[in-house]
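A.B. asks: Supplied structure: data18.cif, mmCIF, C-alpha atoms.
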data_structure
loop_
_atom_site.label_atom_id
_atom_site.label_comp_id
_atom_site.auth_asym_id
_atom_site.auth_seq_id
_atom_site.Cartn_x
_atom_site.Cartn_y
_atom_site.Cartn_z
CA MET J 13 67.78 -80.16 -43.24
CA ARG J 14 65.55 -77.13 -43.70
CA THR J 15 66.99 -73.77 -42.65
CA PRO J 16 64.75 -71.87 -40.17
CA ALA J 17 63.04 -68.91 -41.80
CA LEU J 18 64.04 -66.47 -39.05
CA THR J 19 67.32 -65.87 -37.25
CA ARG J 20 67.55 -67.15 -33.71
CA ARG J 21 67.90 -63.66 -32.23
CA LEU J 22 64.56 -62.56 -33.71
CA ARG J 23 62.48 -65.66 -33.03
CA PRO J 24 61.13 -64.33 -29.72
CA PHE J 25 59.66 -61.32 -31.55
CA THR J 26 57.46 -62.80 -34.28
CA SER J 27 54.30 -60.96 -33.18
CA THR J 28 53.32 -57.97 -31.07
CA ILE J 29 50.58 -57.54 -28.51
CA PHE J 30 49.51 -54.38 -30.36
CA ALA J 31 48.79 -56.30 -33.56
CA GLU J 32 46.99 -59.03 -31.62
CA ILE J 33 44.73 -56.70 -29.66
CA THR J 34 44.06 -54.45 -32.65
CA GLU J 35 42.93 -57.46 -34.67
CA LEU J 36 40.69 -58.53 -31.76
CA ALA J 37 39.23 -55.03 -31.68
CA ARG J 38 38.62 -55.07 -35.44
CA SER J 39 37.01 -58.51 -35.51
CA THR J 40 34.69 -57.72 -32.59
CA GLY J 41 33.84 -54.12 -33.47
CA SER J 42 35.38 -52.96 -30.21
CA VAL J 43 36.25 -49.47 -29.06
CA ASN J 44 40.03 -49.60 -29.41
CA LEU J 45 41.72 -48.02 -26.40
CA GLY J 46 44.70 -50.29 -26.91
CA GLN J 47 46.83 -48.77 -29.64
CA GLY J 48 48.22 -45.32 -28.89
CA PHE J 49 47.25 -43.10 -31.79
CA PRO J 50 44.87 -40.12 -31.82
CA ASP J 51 41.68 -40.09 -33.87
CA THR J 52 41.91 -36.39 -34.76
CA ASP J 53 44.41 -34.49 -36.92
CA GLY J 54 47.18 -32.11 -35.97
CA PRO J 55 47.29 -28.32 -36.47
CA PRO J 56 45.71 -27.18 -39.75
CA GLY J 57 48.65 -24.90 -40.57
CA MET J 58 51.01 -27.86 -40.42
CA LEU J 59 48.75 -29.95 -42.64
CA ARG J 60 48.50 -27.14 -45.19
CA ARG J 61 52.29 -26.82 -45.19
CA ALA J 62 52.58 -30.52 -46.11
CA GLU J 63 50.03 -30.10 -48.90
CA ARG J 64 51.93 -27.09 -50.20
CA ALA J 65 55.22 -28.97 -50.15
CA ILE J 66 53.71 -31.77 -52.24
CA GLY J 67 52.32 -29.24 -54.69
CA GLU J 68 55.68 -27.48 -54.91
CA GLY J 69 57.45 -30.71 -55.84
CA VAL J 70 59.08 -31.59 -52.53
CA ASN J 71 58.63 -35.26 -53.39
CA GLN J 72 62.13 -36.59 -54.00
CA TYR J 73 64.92 -37.64 -51.65
CA PRO J 74 65.67 -35.01 -49.00
CA PRO J 75 69.25 -34.59 -47.74
CA GLY J 76 70.55 -37.62 -45.86
CA ALA J 77 70.63 -35.83 -42.52
CA GLY J 78 67.18 -34.31 -43.10
CA GLU J 79 65.98 -31.01 -44.53
CA PRO J 80 68.07 -28.11 -43.16
CA GLU J 81 64.85 -26.24 -42.31
CA LEU J 82 63.72 -29.07 -40.05
CA ARG J 83 67.10 -29.59 -38.41
CA ALA J 84 67.25 -25.86 -37.64
CA ALA J 85 63.75 -25.99 -36.13
CA ILE J 86 64.66 -28.99 -33.95
CA GLY J 87 67.76 -27.17 -32.73
CA ALA J 88 65.75 -24.04 -31.96
CA GLN J 89 63.16 -26.04 -30.02
CA ARG J 90 65.82 -27.80 -27.93
CA ARG J 91 67.53 -24.46 -27.22
CA ALA J 92 64.31 -22.67 -26.26
CA ASP J 93 62.85 -25.45 -24.13
CA TYR J 94 65.93 -26.91 -22.44
CA GLY J 95 68.87 -24.60 -23.05
CA ILE J 96 70.68 -27.29 -25.05
CA GLU J 97 72.77 -26.24 -28.05
CA HIS J 98 73.00 -28.61 -31.04
CA ASP J 99 74.77 -27.89 -34.32
CA PRO J 100 72.09 -28.65 -36.96
CA ASP J 101 74.81 -29.67 -39.40
CA GLY J 102 76.36 -32.40 -37.28
CA GLU J 103 74.43 -33.01 -34.09
CA ILE J 104 70.87 -33.50 -35.39
CA LEU J 105 69.69 -36.34 -37.63
CA VAL J 106 66.17 -36.72 -39.02
CA THR J 107 64.90 -40.31 -38.98
CA VAL J 108 61.84 -42.30 -40.04
CA GLY J 109 60.16 -41.95 -36.68
CA ALA J 110 61.65 -42.46 -33.24
CA THR J 111 61.62 -46.24 -33.70
CA GLU J 112 64.15 -46.03 -36.51
CA ALA J 113 66.27 -43.67 -34.43
CA ILE J 114 66.36 -46.23 -31.62
CA SER J 115 67.14 -49.15 -33.94
CA ALA J 116 69.84 -47.23 -35.81
CA SER J 117 71.40 -46.19 -32.49
CA MET J 118 71.64 -49.82 -31.43
CA LEU J 119 73.04 -50.96 -34.78
CA ALA J 120 75.62 -48.19 -34.73
CA LEU J 121 76.78 -48.32 -31.12
CA VAL J 122 76.19 -51.79 -29.64
CA GLU J 123 78.63 -54.58 -30.41
CA PRO J 124 77.51 -58.23 -30.45
CA ASP J 125 77.07 -59.58 -26.90
CA GLU J 126 77.26 -56.13 -25.31
CA GLU J 127 74.43 -55.40 -22.87
CA VAL J 128 71.78 -52.70 -22.95
CA ILE J 129 69.69 -51.97 -19.86
CA LEU J 130 65.97 -51.45 -20.43
CA ILE J 131 63.44 -50.21 -17.89
CA GLU J 132 60.36 -52.41 -17.92
CA PRO J 133 57.61 -52.46 -18.89
CA HIS J 134 59.20 -51.18 -22.08
CA TYR J 135 58.03 -50.23 -25.55
CA ASP J 136 58.15 -53.48 -27.49
CA ALA J 137 60.62 -52.23 -30.12
CA TYR J 138 63.45 -51.80 -27.61
CA PRO J 139 64.45 -55.45 -27.09
CA VAL J 140 64.06 -56.11 -30.81
CA ALA J 141 66.44 -53.26 -31.62
CA VAL J 142 68.99 -54.65 -29.17
CA ALA J 143 68.63 -58.14 -30.66
CA MET J 144 69.05 -56.88 -34.23
CA ALA J 145 72.38 -55.38 -33.16
CA GLY J 146 73.40 -58.73 -31.68
CA GLY J 147 73.30 -57.31 -28.17
CA VAL J 148 71.70 -58.62 -25.00
CA HIS J 149 69.15 -56.66 -23.01
CA ARG J 150 68.83 -56.68 -19.25
CA SER J 151 65.66 -55.36 -17.64
CA VAL J 152 65.18 -53.26 -14.52
CA PRO J 153 61.64 -52.87 -13.18
CA LEU J 154 59.38 -49.99 -12.41
CA ARG J 155 57.34 -50.74 -9.31
CA ALA J 156 53.92 -49.38 -8.39
CA GLU J 157 54.59 -47.89 -4.96
CA ARG J 158 52.99 -45.06 -2.98
CA GLY J 159 50.68 -44.06 -5.78
CA ARG J 160 53.06 -44.00 -8.77
CA PHE J 161 55.44 -46.15 -10.77
CA ARG J 162 58.92 -45.77 -9.29
CA LEU J 163 62.30 -46.76 -10.68
CA ASP J 164 64.22 -49.35 -8.66
CA THR J 165 67.53 -47.48 -8.73
CA ALA J 166 69.28 -50.16 -6.66
CA ALA J 167 68.29 -52.75 -9.27
CA LEU J 168 69.53 -50.43 -12.03
CA ARG J 169 72.92 -50.13 -10.35
CA ALA J 170 73.08 -53.89 -9.82
CA ALA J 171 72.26 -54.56 -13.49
CA VAL J 172 75.44 -52.86 -14.72
CA GLY J 173 78.19 -55.30 -15.61
CA PRO J 174 81.47 -55.36 -17.48
CA ARG J 175 79.71 -55.70 -20.84
CA THR J 176 77.08 -53.01 -20.28
CA ARG J 177 77.16 -50.46 -23.10
CA ALA J 178 74.04 -48.33 -22.70
CA VAL J 179 70.87 -47.53 -20.77
CA VAL J 180 67.58 -46.76 -22.53
CA LEU J 181 65.38 -44.23 -20.76
CA ASN J 182 61.80 -43.41 -21.77
CA SER J 183 60.25 -40.44 -19.95
CA PRO J 184 57.39 -39.62 -20.01
CA HIS J 185 57.06 -43.38 -19.91
CA ASN J 186 54.99 -45.65 -22.13
CA PRO J 187 53.08 -47.73 -21.00
CA THR J 188 52.81 -46.55 -17.38
CA GLY J 189 52.42 -42.80 -17.86
CA THR J 190 55.03 -42.06 -15.20
CA VAL J 191 57.44 -39.11 -15.42
CA PHE J 192 60.81 -39.72 -13.85
CA THR J 193 61.59 -37.48 -10.88
CA ALA J 194 64.66 -35.31 -10.43
CA ASP J 195 66.07 -37.87 -7.97
CA GLU J 196 65.48 -40.76 -10.38
CA LEU J 197 67.12 -38.88 -13.26
CA ALA J 198 70.07 -37.94 -11.05
CA ALA J 199 70.56 -41.59 -10.07
CA ILE J 200 70.48 -42.70 -13.73
CA ALA J 201 72.98 -40.00 -14.67
CA GLU J 202 75.29 -40.96 -11.82
CA ILE J 203 75.25 -44.62 -12.84
CA CYS J 204 76.00 -43.69 -16.45
CA ARG J 205 78.90 -41.43 -15.49
CA GLU J 206 80.41 -43.87 -13.01
CA ASN J 207 80.32 -46.75 -15.48
CA ASP J 208 81.03 -44.80 -18.70
CA LEU J 209 77.68 -45.80 -20.22
CA LEU J 210 75.80 -44.28 -23.13
CA ALA J 211 72.24 -43.08 -22.54
CA ILE J 212 69.65 -43.42 -25.29
CA THR J 213 66.58 -41.41 -24.33
CA ASP J 214 63.15 -41.82 -25.92
CA GLU J 215 61.42 -38.48 -25.38
CA VAL J 216 58.53 -38.72 -27.85
CA TYR J 217 56.05 -37.60 -25.17
CA GLU J 218 58.25 -34.66 -24.08
CA HIS J 219 55.44 -32.12 -24.55
CA LEU J 220 52.61 -34.25 -23.13
CA LEU J 221 52.98 -33.89 -19.37
CA PHE J 222 50.14 -33.06 -17.02
CA ASP J 223 49.37 -31.16 -13.83
CA GLY J 224 52.06 -28.56 -14.36
CA ARG J 225 54.96 -30.98 -14.81
CA ALA J 226 57.88 -30.06 -17.05
CA HIS J 227 60.11 -32.40 -19.02
CA THR J 228 63.77 -32.64 -18.02
CA PRO J 229 66.01 -34.23 -20.68
CA LEU J 230 68.69 -36.48 -19.22
CA ALA J 231 71.20 -34.65 -21.44
CA THR J 232 70.81 -31.52 -19.29
CA LEU J 233 72.27 -33.21 -16.20
CA PRO J 234 75.97 -32.76 -15.38
CA GLY J 235 78.26 -34.91 -17.49
CA MET J 236 75.45 -36.31 -19.63
CA ALA J 237 75.42 -34.17 -22.80
CA GLU J 238 78.52 -35.89 -24.13
CA ARG J 239 77.14 -39.41 -23.60
CA THR J 240 73.44 -39.01 -24.46
CA LEU J 241 71.47 -39.52 -27.66
CA SER J 242 68.12 -37.73 -27.28
CA ILE J 243 65.35 -39.08 -29.52
CA SER J 244 61.96 -37.54 -30.23
CA SER J 245 59.41 -37.20 -33.03
CA ALA J 246 56.48 -35.23 -34.37
CA GLY J 247 54.01 -38.12 -34.26
CA LYS J 248 52.75 -37.79 -30.69
CA SER J 249 53.31 -34.06 -30.20
CA PHE J 250 51.42 -33.02 -33.35
CA SER J 251 49.02 -35.97 -33.83
CA VAL J 252 50.62 -37.27 -37.03
CA THR J 253 51.79 -40.74 -36.03
CA GLY J 254 51.57 -41.90 -39.66
CA TRP J 255 54.06 -39.34 -40.92
CA LYS J 256 56.98 -41.06 -39.17
CA ILE J 257 59.21 -38.01 -38.79
CA GLY J 258 61.63 -38.42 -35.89
CA TRP J 259 65.06 -37.20 -34.92
CA VAL J 260 68.10 -37.92 -32.81
CA CYS J 261 70.25 -35.23 -31.21
CA GLY J 262 73.59 -35.55 -29.47
CA PRO J 263 77.37 -35.26 -29.79
CA ALA J 264 78.58 -35.22 -33.38
CA GLU J 265 80.55 -38.46 -33.06
CA LEU J 266 77.50 -40.35 -31.78
CA VAL J 267 75.05 -38.82 -34.26
CA SER J 268 77.50 -39.53 -37.10
CA ALA J 269 77.61 -43.18 -36.04
CA VAL J 270 73.81 -43.39 -36.02
CA ARG J 271 73.66 -41.80 -39.46
CA ALA J 272 76.09 -44.44 -40.79
CA ALA J 273 73.62 -47.16 -39.77
CA LYS J 274 70.47 -45.24 -40.70
CA GLN J 275 71.58 -44.50 -44.27
CA PHE J 276 71.53 -48.21 -45.10
CA THR J 277 68.09 -48.90 -43.66
CA THR J 278 65.65 -46.26 -44.94
CA PHE J 279 68.24 -43.76 -46.22
CA VAL J 280 65.71 -40.90 -45.96
CA GLY J 281 61.96 -40.47 -45.61
CA GLY J 282 58.95 -38.17 -45.59
CA ALA J 283 60.26 -35.35 -47.81
CA PRO J 284 57.06 -33.22 -47.92
CA PHE J 285 56.38 -33.79 -44.23
CA GLN J 286 59.73 -32.41 -43.08
CA PRO J 287 59.00 -28.74 -43.85
CA ALA J 288 55.56 -29.22 -42.30
CA VAL J 289 57.10 -30.48 -39.06
CA ALA J 290 59.55 -27.56 -39.14
CA HIS J 291 56.53 -25.24 -39.39
CA ALA J 292 54.89 -27.00 -36.43
CA LEU J 293 57.98 -26.70 -34.22
CA ASN J 294 58.38 -23.03 -35.10
CA GLU J 295 54.78 -21.83 -35.23
CA GLU J 296 52.35 -24.21 -33.54
CA ARG J 297 53.29 -23.95 -29.88
CA PRO J 298 49.86 -22.54 -28.91
CA TRP J 299 48.22 -25.56 -30.59
CA LEU J 300 50.57 -27.85 -28.65
CA GLU J 301 49.67 -26.18 -25.36
CA GLY J 302 46.02 -26.72 -26.22
CA LEU J 303 46.66 -30.39 -26.97
CA ARG J 304 48.31 -30.89 -23.58
CA SER J 305 45.35 -29.31 -21.79
CA GLU J 306 42.90 -31.36 -23.86
CA LEU J 307 44.73 -34.61 -23.15
CA GLN J 308 44.76 -33.88 -19.43
CA GLN J 309 40.98 -33.47 -19.56
CA LYS J 310 40.68 -36.72 -21.51
CA ARG J 311 42.87 -38.48 -18.96
CA ASP J 312 40.55 -37.27 -16.20
CA ARG J 313 37.47 -38.26 -18.21
CA LEU J 314 38.70 -41.83 -18.73
CA THR J 315 40.11 -42.15 -15.20
CA SER J 316 36.76 -41.16 -13.73
CA GLY J 317 34.97 -43.67 -15.95
CA LEU J 318 37.38 -46.48 -15.08
CA ARG J 319 36.86 -45.85 -11.38
CA ARG J 320 33.08 -45.87 -11.84
CA ALA J 321 33.47 -49.23 -13.59
CA GLY J 322 35.27 -50.63 -10.53
CA PHE J 323 38.96 -50.35 -11.42
CA ASP J 324 41.66 -49.02 -9.17
CA VAL J 325 43.48 -46.46 -11.35
CA LEU J 326 47.11 -45.42 -11.07
CA PRO J 327 47.94 -41.78 -11.80
CA SER J 328 49.05 -40.88 -15.32
CA GLU J 329 51.62 -38.07 -15.20
CA GLY J 330 52.08 -37.85 -18.98
CA THR J 331 51.74 -39.66 -22.36
CA TYR J 332 48.51 -41.02 -23.88
CA PHE J 333 47.98 -43.78 -21.30
CA VAL J 334 46.56 -44.71 -17.95
CA CYS J 335 47.01 -48.05 -16.16
CA ALA J 336 44.25 -49.67 -14.14
CA ASP J 337 44.23 -52.56 -11.65
CA VAL J 338 41.85 -55.32 -12.80
CA ARG J 339 41.76 -57.20 -9.48
CA PRO J 340 38.72 -55.35 -8.04
CA LEU J 341 36.76 -56.79 -10.98
CA GLY J 342 37.66 -60.35 -10.04
CA TYR J 343 40.60 -60.84 -12.41
CA SER J 344 44.15 -61.67 -11.35
CA ASP J 345 45.78 -61.62 -14.80
CA GLY J 346 45.77 -58.53 -17.00
CA ALA J 347 46.58 -60.44 -20.18
CA GLU J 348 43.65 -62.80 -19.64
CA PHE J 349 41.44 -59.78 -18.93
CA CYS J 350 42.55 -57.85 -22.04
CA ARG J 351 42.13 -60.85 -24.36
CA ALA J 352 38.62 -61.49 -23.04
CA LEU J 353 37.47 -57.85 -22.97
CA PRO J 354 36.77 -57.29 -26.70
CA GLU J 355 34.51 -60.33 -26.97
CA ARG J 356 32.84 -59.70 -23.62
CA ILE J 357 31.96 -56.00 -23.84
CA GLY J 358 33.64 -54.59 -26.97
CA VAL J 359 36.59 -52.63 -25.53
CA ALA J 360 40.28 -53.19 -26.28
CA ALA J 361 43.20 -52.53 -23.89
CA ILE J 362 46.84 -53.62 -23.59
CA PRO J 363 48.31 -55.74 -20.75
CA PRO J 364 51.64 -54.16 -19.64
CA GLN J 365 52.92 -57.51 -18.35
CA VAL J 366 53.68 -58.67 -21.91
CA LEU J 367 56.15 -55.78 -22.19
CA CYS J 368 58.25 -57.22 -19.35
CA ASP J 369 60.79 -60.01 -18.93
CA ASP J 370 59.34 -60.53 -15.45
CA PRO J 371 55.57 -60.10 -15.78
CA GLU J 372 54.71 -60.43 -12.08
CA PRO J 373 54.89 -56.77 -10.98
CA MET J 374 52.55 -55.77 -13.83
CA ARG J 375 50.36 -58.88 -14.01
CA HIS J 376 47.31 -57.17 -12.47
CA LEU J 377 47.26 -54.16 -14.82
CA ALA J 378 45.63 -53.08 -18.10
CA ARG J 379 46.67 -50.01 -20.09
CA PHE J 380 44.03 -47.79 -21.69
CA ALA J 381 44.68 -45.00 -24.22
CA PHE J 382 42.81 -41.71 -23.78
CA CYS J 383 44.04 -39.94 -26.96
CA LYS J 384 40.57 -40.31 -28.47
CA ARG J 385 37.54 -38.13 -29.10
CA ASP J 386 35.37 -37.60 -26.02
CA GLU J 387 32.50 -39.56 -27.54
CA VAL J 388 34.80 -42.54 -28.10
CA ILE J 389 35.98 -42.43 -24.48
CA ASP J 390 32.37 -42.14 -23.29
CA GLU J 391 31.29 -45.12 -25.38
CA ALA J 392 34.15 -47.19 -23.97
CA VAL J 393 33.18 -46.21 -20.42
CA GLU J 394 29.54 -47.14 -21.02
CA ARG J 395 30.65 -50.57 -22.13
CA LEU J 396 33.11 -50.94 -19.24
CA LEU J 397 30.31 -50.21 -16.78
CA GLU J 398 28.79 -53.52 -17.90
CA LEU J 399 31.61 -55.29 -16.06
CA GLY J 400 30.12 -54.33 -12.69
#
Write out the structure in this file as structure tokens.
C.D. replies:
Amino acid sequence: MRTPALTRRLRPFTSTIFAEITELARSTGSVNLGQGFPDTDGPPGMLRRAERAIGEGVNQYPPGAGEPELRAAIGAQRRADYGIEHDPDGEILVTVGATEAISASMLALVEPDEEVILIEPHYDAYPVAVAMAGGVHRSVPLRAERGRFRLDTAALRAAVGPRTRAVVLNSPHNPTGTVFTADELAAIAEICRENDLLAITDEVYEHLLFDGRAHTPLATLPGMAERTLSISSAGKSFSVTGWKIGWVCGPAELVSAVRAAKQFTTFVGGAPFQPAVAHALNEERPWLEGLRSELQQKRDRLTSGLRRAGFDVLPSEGTYFVCADVRPLGYSDGAEFCRALPERIGVAAIPPQVLCDDPEPMRHLARFAFCKRDEVIDEAVERLLELG
């Protein structure tokens, strides 16, 4: 009998909606507002620092934990922004993007058949990371209520069982654009403390909040520093998603465990990019403030266009994304809408329902990315107006 080519635990994850929609966009010549990457570069000083590093021969393996210069810069940023102290020599690990940090955290800390709670809709790598560790994920929904996506804290509490090991929190949240409130964060922290759970926080959009909001890391709440792994990256903050420079910060015993798993996956990565990211964290805060302001304007530009095209639009409090209700346009299913849209008018978007175990609460939505040049957003809006 032939052996299956893929293990049972990975068979549900053979393709991603991002690859599917991107291919649809390519084949139809569509404006791609599906995949979340910017179409402009990051700060010139950072780019020049990478070029200089290549020219100076920074092209071999960096230290396993990451370049000391970068780890020091990450520690300084966490201290300045949030008042959190991390020892760069034991409590900060540089990874190949935030995705590797999440996967290595699961491999290091989740035993087979232990449970990890995810908040859905969730980034599609989360359940795969849990499955690769042999764990089981349980999902708790966000619900669109009173003008924003809200966490069902009662459902989160009910999801905890005797085999629950960790909770994954993503705020600002992809794909909904919500930013968890102080009350929501307090409830998550309380549940973690009461049940002795680890928290793995994906904070890659930590600098991209709008309308005066400020990011609050879960690790700053009482009793959470010792049980939280905080993950972030340079990709979204500095518009270099292809560099894949991420990091994980937390207690030494947890970070050491993650490093043990990470060293046998990629070992290290991005040697010449690491000093460039250190430069960005240390020197490019004005550029970052400008990016946040620019993205807020782009959010408003796309939101206005979506409303003119007939969508009901939910507020985006942060990230690159805004979600829109397709029902006013005569559709009841966001996935059907998104798969038809490239061929019909030449625009690509992502249906959040495919990022859920229970698609019903998100079935009527489509997610659009606004991290694009104004002329790209305007072209997409012109095409979307044809739906009316």
A.B. asks: If you count all atoms listed in the file, which residues fall within 10 Å of J:Arg160, apart from same-chain ones fewer than 4 positions away, as JSON, numbers by chain?
C.D. replies: {"J": [154, 155, 156, 188, 189, 190, 191, 326, 327, 328, 329]}
A.B. asks: Just want the 9 Å neighbourhood of J:Arg385, counted on all atoms listed in the file, with same-chain residues fewer than 2 positions away dropped. Output as a short mmCIF file (atom, residue, chain, number, x, y, z; two decimals) with C-alpha atoms, keeping the file's coordinate frame.
C.D. replies:
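Dumped to selection-v3.cif:
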data_model
loop_
_atom_site.label_atom_id
_atom_site.label_comp_id
_atom_site.auth_asym_id
_atom_site.auth_seq_id
_atom_site.Cartn_x
_atom_site.Cartn_y
_atom_site.Cartn_z
CA PRO J 50 44.87 -40.12 -31.82
CA ASP J 51 41.68 -40.09 -33.87
CA THR J 52 41.91 -36.39 -34.76
CA LYS J 310 40.68 -36.72 -21.51
CA PHE J 382 42.81 -41.71 -23.78
CA CYS J 383 44.04 -39.94 -26.96
CA GLU J 387 32.50 -39.56 -27.54
CA VAL J 388 34.80 -42.54 -28.10
CA ILE J 389 35.98 -42.43 -24.48
CA ASP J 390 32.37 -42.14 -23.29
#
A.B. asks: (68.5, -38.4, -27.3) in this file's frame - what residues fall within 8 Å of it? Use only C-alpha atoms and give the answer as a list of chain:residue names.
C.D. replies: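 Output: J:Ala211, J:Ile212, J:Thr213, J:Asp214, J:Glu215, J:Ala231, J:Thr240, J:Leu241, J:Ser242, J:Ile243, J:Ser244, J:Val260, J:Cys261, J:Gly262.
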A.B. asks: With all atoms listed in the file counted and 9 Å as the cut-off, give the residues of stretch 348-384 of chain J in contact with stretch 137-152 of chain J, each with its shortest interatomic distance in Å and the pair that gives it, as a tab-separated table.
C.D. replies:
residue	atom	partner	partner_atom	distance
J:Cys368	CA	J:Ser151	CA	7.8
J:Asp369	CA	J:Ser151	CA	6.9
J:Asp370	CA	J:Ser151	CA	8.5
A.B. asks: Excluding stretch 92-101 of chain J and any residue of its chain fewer than 5 positions from it, enumerate the residues within 6 Å of it, using all atoms listed in the file, and give them as an MDAnalysis selection string.
C.D. replies: chainID J and resid 83:84 87
A.B. asks: Give the answer as one residue: which of J:Glu132, J:Asp324, J:Glu196, J:Asp208 has the shortest atom-to-atom distance to J:Pro373, using only C-alpha atoms?
C.D. replies: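 Smallest separation from J:Pro373 among the options: J:Glu132.
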A.B. asks: For J:Glu103, which residue among J:Gly235, J:Gly78, J:Pro184, J:Gly302 is the nearest when counting all atoms listed in the file?
C.D. replies: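 Checking each of J:Gly235, J:Gly78, J:Pro184, J:Gly302 against J:Glu103, counting all atoms listed in the file, the winner is J:Gly78.
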A.B. asks: Interatomic distance between atom CA of J:Ile200 and atom CA of J:Pro363?
C.D. replies: 26.7 Å
A.B. asks: Please write as a count of residues only the full residue list that the PyMOL selection byres ((chain J and resi 290-301) around 8) yields on this file.
C.D. replies: 21
A.B. asks: What is the atom CA of J:Glu79 to atom CA of J:Gly102 distance in Å?
C.D. replies: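 Atom CA of J:Glu79 sits 12.7 Å away from atom CA of J:Gly102.
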A.B. asks: Going by the chain IDs and residue numbers used in this file, which residues fall under the PyMOL selection byres ((chain J and resi 273-278) around 8)? Write them as a ChimeraX atom specification.
C.D. replies: /J:76,107-108,112-113,116-117,119-120,269-272,279-281
A.B. asks: From the options J:Glu355, J:Glu32, J:Glu126, J:Asp164, which residue's atoms come nearest to J:Asp195, counting only C-alpha atoms?
C.D. replies: J:Asp164
A.B. asks: Please enumerate the residues selected by the PyMOL selection byres ((chain J and resi 313) around 12) when evaluated against the supplied file, formatted as a compact mmCIF listing (two decimals) with C-alpha atoms, in the frame of the given file.
C.D. replies:
# COMPACT_ATOMS: atom_id res chain seq x y z
CA GLU J 306 42.90 -31.36 -23.86
CA LEU J 307 44.73 -34.61 -23.15
CA GLN J 308 44.76 -33.88 -19.43
CA GLN J 309 40.98 -33.47 -19.56
CA LYS J 310 40.68 -36.72 -21.51
CA ARG J 311 42.87 -38.48 -18.96
CA ASP J 312 40.55 -37.27 -16.20
CA LEU J 314 38.70 -41.83 -18.73
CA THR J 315 40.11 -42.15 -15.20
CA SER J 316 36.76 -41.16 -13.73
CA GLY J 317 34.97 -43.67 -15.95
CA LEU J 318 37.38 -46.48 -15.08
CA ARG J 319 36.86 -45.85 -11.38
CA ARG J 320 33.08 -45.87 -11.84
CA VAL J 334 46.56 -44.71 -17.95
CA ALA J 381 44.68 -45.00 -24.22
CA PHE J 382 42.81 -41.71 -23.78
CA CYS J 383 44.04 -39.94 -26.96
CA LYS J 384 40.57 -40.31 -28.47
CA ARG J 385 37.54 -38.13 -29.10
CA ASP J 386 35.37 -37.60 -26.02
CA GLU J 387 32.50 -39.56 -27.54
CA VAL J 388 34.80 -42.54 -28.10
CA ILE J 389 35.98 -42.43 -24.48
CA ASP J 390 32.37 -42.14 -23.29
CA GLU J 391 31.29 -45.12 -25.38
CA ALA J 392 34.15 -47.19 -23.97
CA VAL J 393 33.18 -46.21 -20.42
A.B. asks: Return the single residue from J:Val366, J:Ala226, J:Val359, J:Ala166 that is closest to J:Ala347, with distances computed using all atoms listed in the file.
C.D. replies: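 Among the listed residues, J:Val366 lies closest to J:Ala347.
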A.B. asks: Got a sec: who's within 10 Å of J:Val70, counting only C-alpha atoms, leaving out chain neighbours fewer than 5 positions off, as a list in words?
C.D. replies: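 Within the cut-off, the hits are Ala62, Glu63, Arg64, Ala65, Gly282, Ala283, Pro284, Phe285, Gln286 and Pro287 of chain J.
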A.B. asks: Selected residues, C-alpha atoms, written as an mmCIF file, keeping the file's coordinate frame, please.
C.D. replies:
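Generated file (result-v7.cif):
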data_model
loop_
_atom_site.group_PDB
_atom_site.id
_atom_site.type_symbol
_atom_site.label_atom_id
_atom_site.label_comp_id
_atom_site.auth_asym_id
_atom_site.auth_seq_id
_atom_site.Cartn_x
_atom_site.Cartn_y
_atom_site.Cartn_z
ATOM 1 C CA ALA J 62 52.580 -30.520 -46.110
ATOM 2 C CA GLU J 63 50.030 -30.100 -48.900
ATOM 3 C CA ARG J 64 51.930 -27.090 -50.200
ATOM 4 C CA ALA J 65 55.220 -28.970 -50.150
ATOM 5 C CA GLY J 282 58.950 -38.170 -45.590
ATOM 6 C CA ALA J 283 60.260 -35.350 -47.810
ATOM 7 C CA PRO J 284 57.060 -33.220 -47.920
ATOM 8 C CA PHE J 285 56.380 -33.790 -44.230
ATOM 9 C CA GLN J 286 59.730 -32.410 -43.080
ATOM 10 C CA PRO J 287 59.000 -28.740 -43.850
#
A.B. asks: Interatomic distance between atom CA of J:Pro153 and atom CA of J:Gly247?
C.D. replies: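 Computed distance, atom CA of J:Pro153 to atom CA of J:Gly247, equals 26.8 Å.
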A.B. asks: Take every atom of stretch 188-201 of chain J listed in the file, fit an axis-aligned box around them, add 5 Å per side, and give the centre and edge lengths in Å to one decimal as AutoDock Vina command-line options.
C.D. replies:
--center_x 62.7 --center_y -40.9 --center_z -12.9 --size_x 30.6 --size_y 21.2 --size_z 19.9
A.B. asks: Within 12 Å of J:Thr26, counting all atoms listed in the file, which residues qualify if same-chain residues fewer than 5 places away don't, as a PyMOL selection string?
C.D. replies: chain J and resi 17-21+31-32+136-137+140
A.B. asks: Choose the residue, out of J:Leu45, J:Ala171, J:Val106, J:Leu22, that has the smallest atom-to-atom separation from J:Ala378; count all atoms listed in the file.
C.D. replies: J:Leu45
A.B. asks: So which one's closest to J:Asn182, J:Ala37, J:Ile131, J:Ala361, J:Cys335? Using only C-alpha atoms, please.
C.D. replies: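 Among the listed residues, the smallest separation from J:Asn182 belongs to J:Ile131.
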